[in-house]
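Here the structure is laid out as structure tokens; the discussion comes afterwards.
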Amino acid sequence: MSEKTVVIAAGGTGGHMFPAAAFAEEMRGRGYRVALITDERGRRYADKFPADEIHGVSASTIQGFNPVRATKGALSIWKGIGEANALLRRLEPRLVAGFGGYPSLPALWAAREQKRPILIHEQNAVLGRVNRLFAKDAAAIACGFDRLDKLPPSAVSRKHPVGNPARPAIVAARATPYPELPAGAEIKLLIIGGSQGARILGDVVPAAIAMLPEALRQRLSVTQQVREEQLPDVKRAYAQAGIRHEAAAFFSDIAPRMAAAHLVIARAGASSVTELQVIGRPAILVPLGIAADDHQTANAESMSLVAAADVIPEPQFDAAGLAQLLVTRLSDPHSLSVRAAAAKATGRTDAAQALADLADQIGR
């Protein structure tokens with residue numbers, strides 16, 4: 001094998017690419033040459049990925065029962081496996097690290113064929129389908145949460161709860177103390193819905209805030225990530241309710257915004273939950289109802305079990321119920337600070353290092 005090369009297989013969404021990038025940065029700091037294998041969609045997230053080489057291979061997901069689409073998907077995957085095989089033979093990596101999602105399948109399949117060491121990292125509290133496929137072949141299965149459902153019994157002894165690598169800006173924001181909230185002071189509320197917002201948050205949250213008592217509404221300063229098509233309606237709703245607000249489809253500076261918040265309303269994706277834990281902020285979490293294997297509800301458990309977050313299932317998430325909960329939470333600053341401390345106590349800032357330690361052991 002060549003001197004200290006690691007191949008990272010990741011793609012699809014920022015939820016896969018962000019922890020992969022943090023791992024890549026750590027491995028480069030340890031003297032490894034890093035190559036990323038992804039697909040066309042993943043390359044859109046890879047313009048600043050810390051890799052020495054970035055390669056795209058064919059990949060696809062096979063869903064539903066359409067035979068034409070299934071055939072096309074299978075052919076794309078087969079082509080991608082051939083491309084990944086050729087890349088691994090040239091790169092001769094010490095190990096292949098897979099971060100889940102269907103774009104990682106060709107590289108992991110090729111690594112298994114060539115009997116190269118495999119390291120899997122699962123961001124969610126439920127093992128994803130691609131990671132599940134290769135778990136029995138992996139030298140180690142690292143995970144973002146202590147809970148990891150769907151792990152094959154034969155792989156339990158190789159499970160390592162290392163946490164989810166967080167972006168440097170998130171780790172740096174951990175040093176920001178929870179903001180004090182004296183009587184009558186401004187209350188900062190942050191609403192985020194993953195990398196592209198969430199329609200249900202845009203529908204329900206402004207309506208709930210409009211129902212709050214006037215004295216509470218006057219103290220609010222709301223920052224909300226909103227789907228592009230919902231922006232006019234959300235801004236209008238806040239303006240009519242007399243709420244100080246900032247709404248946008250994307251915020252590039254989410255770390256300081258989260259650090260400044262007294263309460264966060266969010267989905268329960270692995271990245272969002274991890275960032276709330278690392279910075280240490282109380283939350284109201286609304287798991288995505290259609291998430292595979294309901295993994296967002298499992299993710300949320302890491303905060304709800306320590307009373308750092310309220311978890312509301314989608315079918316129960318309505319304006320009246322949310323308004324009532326907001327009155328309870330925002331009227332008790334001491335409870336919010338206790339919840340913030342509980343969240344922070346569960347956060348890990350050494351996940352990238354712990355994952356790299358595993359990689360070092362596997363790649364020797």
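Chains: A, B, ... in order of the structure tokens. Residues: from 1 per chain. Ligands: from 1, in order shown.
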Q. Can you list, as a VMD selection string, every protein, DNA or RNA residue that comes within 10 Å of Gln225 in chain A when you count only C-alpha atoms, leaving out same-chain residues fewer than 6 positions away?
A. chain A and resid 190 to 198 201 to 202 231 246 to 251 254 266
Q: From range 18-161 of chain A, collect each residue whose DSSP state is strand (DSSP E) and return the set as a list in words.
A: Arg33, Val34, Ala35, Leu36, Ile37, Thr38, Glu53, Ile54, His55, Gly56, Leu95, Val96, Ala97, Gly98, Ile118, Leu119, Ile120, His121, Glu122, Ala140, Ile141, Ala142, Cys143, Lys159, His160 and Pro161 of chain A
Q) What's the 12 Å shell around Pro179 in chain A, counting only C-alpha atoms, without same-chain residues fewer than 3 positions away, as a list in words? A) Ala175, Thr176, Pro182, Ala185, Glu186, Ile187, Lys188, Leu189, Pro256, Arg257, Met258, Ala259, Ala260, Ala261, His262, Leu263, Ile279, Gly280, Arg281, Pro282, Pro333, His334, Leu336, Ser337, Ala340 and Ala341 of chain A
Using only C-alpha atoms, what does the table of range 99-180 of chain A residues within 12 Å of range 28-37 of chain A look like, with each row giving the shortest atom pair and its distance in Å to one decimal, sorted by chain and ascending number, as a tab-separated table?
```
residue	atom	partner	partner_atom	distance
A:Phe99	CA	A:Ile37	CA	10.9
A:Tyr102	CA	A:Ile37	CA	11.9
A:Pro103	CA	A:Ile37	CA	8.3
A:Ser104	CA	A:Ile37	CA	7.5
A:Leu105	CA	A:Ile37	CA	10.1
A:Pro106	CA	A:Ile37	CA	8.9
A:Ala107	CA	A:Ile37	CA	6.9
A:Leu108	CA	A:Ile37	CA	10.0
A:Ala110	CA	A:Ile37	CA	11.5
A:Ala111	CA	A:Ile37	CA	12.0
```
Same residues, C-alpha atoms, saved as a compact mmCIF listing (two decimals), in the first residue's frame:
```
# COMPACT_ATOMS: atom_id res chain seq x y z
CA PHE A 99 -19.96 8.25 5.60
CA TYR A 102 -25.96 5.97 -1.72
CA PRO A 103 -22.99 7.88 -3.27
CA SER A 104 -20.68 6.00 -0.88
CA LEU A 105 -21.79 2.57 -2.13
CA PRO A 106 -19.48 2.17 -5.18
CA ALA A 107 -16.29 2.92 -3.23
CA LEU A 108 -17.27 0.69 -0.30
CA ALA A 110 -14.89 -1.81 -4.44
CA ALA A 111 -13.04 -1.78 -1.12
```
**Q.** DSSP helix (DSSP H, G or I) residues within range 132-293 of chain A, listed as a ChimeraX atom specification
**A.** /A:132-137,153-158,168-173,199-210,214-217,228-240,254-260,270-279,292-293
Q: Show which residues sit within 9 Å of Thr349 in chain A, as a VMD selection string. Count only C-alpha atoms, and ignore same-chain residues fewer than 3 positions away.
A: chain A and resid 163 to 166 171 174 278 352 to 353
Q. With only C-alpha atoms as the basis for distance, which of A:Ala292, A:Leu119, A:Leu181, A:Ala343 is at the shortest distance from Ala97 in chain A?
A.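 Among A:Ala292, A:Leu119, A:Leu181, A:Ala343, it is A:Leu119 that comes nearest to Ala97 in chain A.
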Q) Between A:Glu180, A:Glu214, A:Glu122, A:Asp350, which one has atoms that come closest to Ser335 in chain A, using only C-alpha atoms? A)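 The answer is A:Glu180, which sits nearest to Ser335 in chain A.
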